[in-house]
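Before any comments, here is the structure.
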Amino acid sequence: MEQHELLKNLDEKFRKAQKEFGFKANLDEMDKNFFVRDSILKEGYVSESFSRQLCRIITETLMNWNEYLHSLIMPNPQNLLNMGESKIFNQDEKREITELMKKIMEICSRNSLIMLGGSKDEEGKYIEDSIKFWKSEFKPKITKIITKINHEWKS
């Protein structure tokens with residue numbers, strides 16, 4: 001399927017899912033934070049169960065960040081970069097990072113529960129809660145963390 005057709009299909013299925021599952025976030029907002037369009041283009045299809053595909057994209061994005069955050073708390077001793085970045089943070093900052101990781105895990109494990117038999121309402125709430133979490137809590141905190149790391153690499 002051509003890129004233009006694929007993105008048009010995505011737009012249609014997104015709007016349909018938005019109505020069916022009752023979430024307010026629009027495609028541009030979801031794309032800005034979870035790179036939905038890039039994921040769809042990479043995969044080369046829009047699932048007939050698009051809401052599940054969207055939830056997976058959200059979860060994968062959050063889990064990728066969680067793996068990075070984990071490396072700041074428990075660095076791989078074989079990875080000099082992990083070891084160096086981990087030393088940047090004091091114990092209080094590491095506790096804050098751990099709390100952020102716990103929130104990510106709650107969101108991601110909720111997606112697993114929904115996949116195992118949740119309702120449309122729960123799925124819509126998952127999508128809505130994910131974007132709210134990203135914008136209000138995750139993005140400001142991860143920006144602060146990455147800014148500190150970047151500052152340290154510059155010096």
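By order of appearance in the structure tokens: chains A, B, ..., then residues from 1 within every chain, and ligands from 1 in the order shown.
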Report the residues of stretch 16-121 of chain A whose backbone DSSP state falls under helix (DSSP H, G or I), written as a CSV table (one decimal) with N, CA and C atoms, in the first residue's frame.
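Okay, selection29.csv is ready:
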chain,number,residue,atom,x,y,z
A,16,LYS,N,-12.8,6.6,13.4
A,16,LYS,CA,-13.7,5.6,13.8
A,16,LYS,C,-13.5,5.1,15.2
A,17,ALA,N,-12.3,4.9,15.5
A,17,ALA,CA,-11.9,4.4,16.9
A,17,ALA,C,-12.2,5.5,17.9
A,18,GLN,N,-11.9,6.7,17.6
A,18,GLN,CA,-12.2,7.8,18.5
A,18,GLN,C,-13.7,7.9,18.8
A,19,LYS,N,-14.5,7.7,17.9
A,19,LYS,CA,-16.0,7.7,18.1
A,19,LYS,C,-16.4,6.5,18.9
A,20,GLU,N,-15.9,5.3,18.5
A,20,GLU,CA,-16.3,4.0,19.1
A,20,GLU,C,-15.8,3.9,20.5
A,21,PHE,N,-14.6,4.4,20.8
A,21,PHE,CA,-14.0,4.2,22.1
A,21,PHE,C,-14.1,5.4,23.0
A,27,LEU,N,-5.5,12.6,16.3
A,27,LEU,CA,-4.3,11.9,15.7
A,27,LEU,C,-3.1,12.7,15.7
A,28,ASP,N,-3.1,14.0,15.5
A,28,ASP,CA,-1.9,14.8,15.5
A,28,ASP,C,-1.3,14.8,16.9
A,29,GLU,N,-2.2,14.9,17.9
A,29,GLU,CA,-1.7,14.9,19.3
A,29,GLU,C,-1.0,13.5,19.6
A,30,MET,N,-1.7,12.4,19.2
A,30,MET,CA,-1.2,11.1,19.5
A,30,MET,C,0.1,10.9,18.7
A,31,ASP,N,0.2,11.4,17.5
A,31,ASP,CA,1.4,11.2,16.7
A,31,ASP,C,2.5,12.0,17.2
A,32,LYS,N,2.3,13.2,17.7
A,32,LYS,CA,3.3,14.1,18.3
A,32,LYS,C,4.0,13.4,19.5
A,33,ASN,N,3.3,12.6,20.2
A,33,ASN,CA,3.8,12.0,21.5
A,33,ASN,C,4.2,10.6,21.3
A,34,PHE,N,3.5,9.8,20.5
A,34,PHE,CA,3.7,8.4,20.4
A,34,PHE,C,4.1,7.9,18.9
A,36,VAL,N,2.7,7.7,16.0
A,36,VAL,CA,1.7,6.8,15.5
A,36,VAL,C,1.9,6.6,14.0
A,37,ARG,N,2.0,7.7,13.3
A,37,ARG,CA,2.2,7.6,11.8
A,37,ARG,C,3.4,6.9,11.4
A,38,ASP,N,4.5,7.2,12.1
A,38,ASP,CA,5.8,6.5,11.8
A,38,ASP,C,5.6,5.0,12.0
A,39,SER,N,5.0,4.6,13.1
A,39,SER,CA,4.8,3.2,13.4
A,39,SER,C,4.0,2.5,12.3
A,40,ILE,N,2.9,3.2,11.9
A,40,ILE,CA,2.0,2.6,10.9
A,40,ILE,C,2.8,2.5,9.6
A,41,LEU,N,3.5,3.5,9.2
A,41,LEU,CA,4.3,3.4,8.0
A,41,LEU,C,5.4,2.3,8.0
A,42,LYS,N,6.0,2.2,9.2
A,42,LYS,CA,7.0,1.1,9.4
A,42,LYS,C,6.4,-0.3,9.3
A,43,GLU,N,5.2,-0.4,9.9
A,43,GLU,CA,4.5,-1.7,9.9
A,43,GLU,C,3.9,-2.0,8.5
A,50,PHE,N,-7.8,-1.5,15.0
A,50,PHE,CA,-6.9,-0.4,15.1
A,50,PHE,C,-6.7,0.1,16.6
A,51,SER,N,-7.7,0.0,17.4
A,51,SER,CA,-7.6,0.5,18.7
A,51,SER,C,-6.6,-0.3,19.5
A,52,ARG,N,-6.5,-1.6,19.2
A,52,ARG,CA,-5.5,-2.5,19.9
A,52,ARG,C,-4.1,-2.1,19.3
A,53,GLN,N,-4.0,-1.8,18.0
A,53,GLN,CA,-2.7,-1.5,17.5
A,53,GLN,C,-2.3,-0.1,18.1
A,54,LEU,N,-3.2,0.8,18.3
A,54,LEU,CA,-2.8,2.1,18.9
A,54,LEU,C,-2.4,1.9,20.3
A,55,CYS,N,-3.1,1.0,21.1
A,55,CYS,CA,-2.7,0.8,22.5
A,55,CYS,C,-1.3,0.1,22.5
A,56,ARG,N,-1.0,-0.8,21.6
A,56,ARG,CA,0.3,-1.4,21.5
A,56,ARG,C,1.4,-0.4,21.2
A,57,ILE,N,1.1,0.6,20.3
A,57,ILE,CA,2.1,1.6,19.9
A,57,ILE,C,2.4,2.5,21.2
A,58,ILE,N,1.3,2.8,21.9
A,58,ILE,CA,1.5,3.6,23.1
A,58,ILE,C,2.4,2.9,24.1
A,59,THR,N,2.0,1.6,24.3
A,59,THR,CA,2.7,0.8,25.3
A,59,THR,C,4.2,0.6,24.9
A,60,GLU,N,4.4,0.3,23.7
A,60,GLU,CA,5.8,0.1,23.2
A,60,GLU,C,6.6,1.4,23.5
A,61,THR,N,6.1,2.5,23.2
A,61,THR,CA,6.8,3.8,23.4
A,61,THR,C,7.1,4.0,24.9
A,62,LEU,N,6.1,3.8,25.7
A,62,LEU,CA,6.3,3.9,27.1
A,62,LEU,C,7.4,2.9,27.7
A,63,MET,N,7.3,1.7,27.2
A,63,MET,CA,8.2,0.7,27.7
A,63,MET,C,9.6,0.9,27.2
A,64,ASN,N,9.8,1.5,26.0
A,64,ASN,CA,11.1,1.8,25.5
A,64,ASN,C,11.7,2.9,26.5
A,65,TRP,N,10.9,3.9,26.8
A,65,TRP,CA,11.4,4.9,27.8
A,65,TRP,C,11.7,4.2,29.1
A,66,ASN,N,10.9,3.3,29.5
A,66,ASN,CA,11.1,2.7,30.8
A,66,ASN,C,12.4,1.9,30.9
A,67,GLU,N,12.7,1.2,29.8
A,67,GLU,CA,14.0,0.5,29.7
A,67,GLU,C,15.1,1.5,29.9
A,68,TYR,N,15.0,2.6,29.3
A,68,TYR,CA,16.1,3.6,29.4
A,68,TYR,C,16.2,4.1,30.9
A,69,LEU,N,15.0,4.4,31.5
A,69,LEU,CA,15.0,4.9,32.9
A,69,LEU,C,15.6,3.8,33.8
A,70,HIS,N,15.2,2.6,33.5
A,70,HIS,CA,15.8,1.5,34.3
A,70,HIS,C,17.3,1.5,34.3
A,71,SER,N,17.9,1.8,33.1
A,71,SER,CA,19.3,1.8,33.0
A,71,SER,C,20.0,2.9,33.8
A,72,LEU,N,19.2,3.9,34.1
A,72,LEU,CA,19.7,5.0,35.0
A,72,LEU,C,19.7,4.5,36.5
A,73,ILE,N,18.8,3.7,36.8
A,73,ILE,CA,18.6,3.2,38.2
A,73,ILE,C,19.6,2.0,38.4
A,80,LEU,N,29.6,1.4,29.7
A,80,LEU,CA,30.2,2.6,30.3
A,80,LEU,C,29.3,3.8,30.2
A,81,LEU,N,28.5,3.9,29.2
A,81,LEU,CA,27.5,5.0,29.0
A,81,LEU,C,26.4,4.9,30.1
A,82,ASN,N,25.9,3.7,30.3
A,82,ASN,CA,24.9,3.5,31.4
A,82,ASN,C,25.5,3.8,32.8
A,83,MET,N,26.7,3.4,33.0
A,83,MET,CA,27.4,3.6,34.3
A,83,MET,C,27.6,5.1,34.5
A,84,GLY,N,28.0,5.8,33.5
A,84,GLY,CA,28.2,7.3,33.6
A,84,GLY,C,27.0,8.0,33.8
A,85,GLU,N,25.9,7.7,33.1
A,85,GLU,CA,24.7,8.4,33.2
A,85,GLU,C,24.0,8.1,34.6
A,86,SER,N,24.1,7.0,35.1
A,86,SER,CA,23.5,6.6,36.4
A,86,SER,C,24.2,7.4,37.5
A,91,GLN,N,20.3,9.9,45.1
A,91,GLN,CA,19.3,8.9,45.6
A,91,GLN,C,17.9,9.5,45.5
A,92,ASP,N,17.7,10.7,45.8
A,92,ASP,CA,16.3,11.3,45.7
A,92,ASP,C,15.8,11.4,44.3
A,93,GLU,N,16.7,11.7,43.4
A,93,GLU,CA,16.4,11.8,41.9
A,93,GLU,C,16.1,10.3,41.4
A,94,LYS,N,16.8,9.4,41.9
A,94,LYS,CA,16.6,8.0,41.5
A,94,LYS,C,15.3,7.5,42.0
A,95,ARG,N,14.9,7.9,43.2
A,95,ARG,CA,13.5,7.6,43.7
A,95,ARG,C,12.5,8.2,42.9
A,96,GLU,N,12.6,9.4,42.4
A,96,GLU,CA,11.7,10.0,41.5
A,96,GLU,C,11.6,9.3,40.2
A,97,ILE,N,12.7,8.9,39.7
A,97,ILE,CA,12.8,8.1,38.4
A,97,ILE,C,12.0,6.8,38.6
A,98,THR,N,12.3,6.1,39.8
A,98,THR,CA,11.6,4.9,40.1
A,98,THR,C,10.1,5.1,40.2
A,99,GLU,N,9.6,6.1,40.7
A,99,GLU,CA,8.2,6.4,40.8
A,99,GLU,C,7.6,6.6,39.4
A,100,LEU,N,8.3,7.3,38.5
A,100,LEU,CA,7.9,7.5,37.2
A,100,LEU,C,7.8,6.1,36.5
A,101,MET,N,8.8,5.3,36.7
A,101,MET,CA,8.8,3.9,36.1
A,101,MET,C,7.5,3.1,36.6
A,102,LYS,N,7.2,3.2,37.9
A,102,LYS,CA,6.0,2.5,38.4
A,102,LYS,C,4.8,3.0,37.7
A,103,LYS,N,4.7,4.3,37.5
A,103,LYS,CA,3.5,4.8,36.8
A,103,LYS,C,3.4,4.3,35.4
A,104,ILE,N,4.5,4.2,34.7
A,104,ILE,CA,4.5,3.6,33.4
A,104,ILE,C,4.1,2.2,33.4
A,105,MET,N,4.6,1.4,34.4
A,105,MET,CA,4.2,0.0,34.5
A,105,MET,C,2.8,-0.2,34.8
A,106,GLU,N,2.2,0.7,35.6
A,106,GLU,CA,0.7,0.6,35.8
A,106,GLU,C,0.0,0.8,34.5
A,107,ILE,N,0.4,1.8,33.7
A,107,ILE,CA,-0.3,2.0,32.5
A,107,ILE,C,-0.1,0.8,31.5
A,108,CYS,N,1.1,0.4,31.4
A,108,CYS,CA,1.3,-0.7,30.5
A,108,CYS,C,0.7,-2.1,30.9
A,109,SER,N,0.7,-2.3,32.2
A,109,SER,CA,0.0,-3.6,32.7
A,109,SER,C,-1.5,-3.4,32.5
A,110,ARG,N,-2.0,-2.2,32.6
A,110,ARG,CA,-3.5,-2.0,32.4
A,110,ARG,C,-3.8,-2.4,30.9
A,111,ASN,N,-2.9,-2.0,30.0
A,111,ASN,CA,-3.1,-2.4,28.6
A,111,ASN,C,-3.2,-3.9,28.5
A,112,SER,N,-2.3,-4.6,29.2
A,112,SER,CA,-2.4,-6.1,29.1
A,112,SER,C,-3.7,-6.6,29.7
A,113,LEU,N,-4.2,-6.1,30.8
A,113,LEU,CA,-5.5,-6.5,31.3
A,113,LEU,C,-6.6,-6.2,30.3
A,114,ILE,N,-6.6,-5.1,29.6
A,114,ILE,CA,-7.6,-4.8,28.6
A,114,ILE,C,-7.5,-5.8,27.5
A,115,MET,N,-6.3,-6.1,27.1
A,115,MET,CA,-6.1,-7.1,26.0
A,115,MET,C,-6.7,-8.4,26.4
A,120,LYS,N,-14.7,-1.7,25.9
A,120,LYS,CA,-14.4,-0.6,25.0
A,120,LYS,C,-14.2,0.7,25.9
A,121,ASP,N,-15.0,0.8,26.9
A,121,ASP,CA,-14.8,2.0,27.8
A,121,ASP,C,-13.4,2.0,28.5
Neighbours of A:His151 within 12 Å (only C-alpha atoms; same-chain residues fewer than 5 positions away dropped), as a list in words?
-> Glu85, Ile88, Thr143, Lys144, Ile145 and Ile146 of chain A
Selected residues, all heavy atoms, written as a PDB file, in the first residue's frame, please.
ATOM      1  N   GLU A  85      25.923   7.715  33.076  1.00  0.00           N
ATOM      2  CA  GLU A  85      24.655   8.428  33.221  1.00  0.00           C
ATOM      3  C   GLU A  85      24.014   8.145  34.576  1.00  0.00           C
ATOM      4  O   GLU A  85      23.408   9.036  35.176  1.00  0.00           O
ATOM      5  CB  GLU A  85      23.702   8.091  32.075  1.00  0.00           C
ATOM      6  CG  GLU A  85      24.129   8.716  30.767  1.00  0.00           C
ATOM      7  CD  GLU A  85      23.173   8.459  29.615  1.00  0.00           C
ATOM      8  OE1 GLU A  85      22.245   7.632  29.766  1.00  0.00           O
ATOM      9  OE2 GLU A  85      23.368   9.082  28.562  1.00  0.00           O
ATOM     10  N   ILE A  88      25.028  10.412  37.494  1.00  0.00           N
ATOM     11  CA  ILE A  88      24.590  11.814  37.447  1.00  0.00           C
ATOM     12  C   ILE A  88      23.516  12.094  38.501  1.00  0.00           C
ATOM     13  O   ILE A  88      23.409  13.207  39.002  1.00  0.00           O
ATOM     14  CB  ILE A  88      24.063  12.154  36.032  1.00  0.00           C
ATOM     15  CG1 ILE A  88      25.195  12.061  35.009  1.00  0.00           C
ATOM     16  CG2 ILE A  88      23.401  13.517  36.003  1.00  0.00           C
ATOM     17  CD1 ILE A  88      24.722  12.144  33.570  1.00  0.00           C
ATOM     18  N   THR A 143      11.897  15.307  30.282  1.00  0.00           N
ATOM     19  CA  THR A 143      12.646  16.453  29.755  1.00  0.00           C
ATOM     20  C   THR A 143      13.669  16.921  30.785  1.00  0.00           C
ATOM     21  O   THR A 143      14.827  17.203  30.442  1.00  0.00           O
ATOM     22  CB  THR A 143      11.677  17.598  29.374  1.00  0.00           C
ATOM     23  OG1 THR A 143      10.787  17.114  28.362  1.00  0.00           O
ATOM     24  CG2 THR A 143      12.430  18.811  28.854  1.00  0.00           C
ATOM     25  N   LYS A 144      13.275  16.968  32.039  1.00  0.00           N
ATOM     26  CA  LYS A 144      14.187  17.364  33.121  1.00  0.00           C
ATOM     27  C   LYS A 144      15.350  16.366  33.236  1.00  0.00           C
ATOM     28  O   LYS A 144      16.511  16.759  33.365  1.00  0.00           O
ATOM     29  CB  LYS A 144      13.400  17.432  34.435  1.00  0.00           C
ATOM     30  CG  LYS A 144      14.205  17.818  35.633  1.00  0.00           C
ATOM     31  CD  LYS A 144      13.306  17.851  36.877  1.00  0.00           C
ATOM     32  CE  LYS A 144      14.135  17.966  38.142  1.00  0.00           C
ATOM     33  NZ  LYS A 144      13.307  17.816  39.344  1.00  0.00           N
ATOM     34  N   ILE A 145      15.037  15.082  33.160  1.00  0.00           N
ATOM     35  CA  ILE A 145      16.052  14.032  33.262  1.00  0.00           C
ATOM     36  C   ILE A 145      17.030  14.123  32.095  1.00  0.00           C
ATOM     37  O   ILE A 145      18.255  14.131  32.279  1.00  0.00           O
ATOM     38  CB  ILE A 145      15.383  12.631  33.314  1.00  0.00           C
ATOM     39  CG1 ILE A 145      14.621  12.462  34.630  1.00  0.00           C
ATOM     40  CG2 ILE A 145      16.406  11.512  33.111  1.00  0.00           C
ATOM     41  CD1 ILE A 145      13.639  11.286  34.635  1.00  0.00           C
ATOM     42  N   ILE A 146      16.504  14.207  30.884  1.00  0.00           N
ATOM     43  CA  ILE A 146      17.361  14.237  29.692  1.00  0.00           C
ATOM     44  C   ILE A 146      18.165  15.527  29.628  1.00  0.00           C
ATOM     45  O   ILE A 146      19.327  15.525  29.198  1.00  0.00           O
ATOM     46  CB  ILE A 146      16.524  14.023  28.408  1.00  0.00           C
ATOM     47  CG1 ILE A 146      15.818  12.669  28.442  1.00  0.00           C
ATOM     48  CG2 ILE A 146      17.381  14.167  27.146  1.00  0.00           C
ATOM     49  CD1 ILE A 146      16.730  11.461  28.528  1.00  0.00           C
TER      50      ILE A 146
END
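Distances to A:Lys13 were evaluated for A:Lys125, A:Val46, A:Lys141, A:Asn79 using only C-alpha atoms, and the minimum falls at A:Val46.
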Given only C-alpha atoms as the counted atoms, nearest of A:Gly44, A:Pro75, A:Pro140, A:Gly22 to A:Glu123 |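 The shortest atom-to-atom distance to A:Glu123 comes from A:Gly22.
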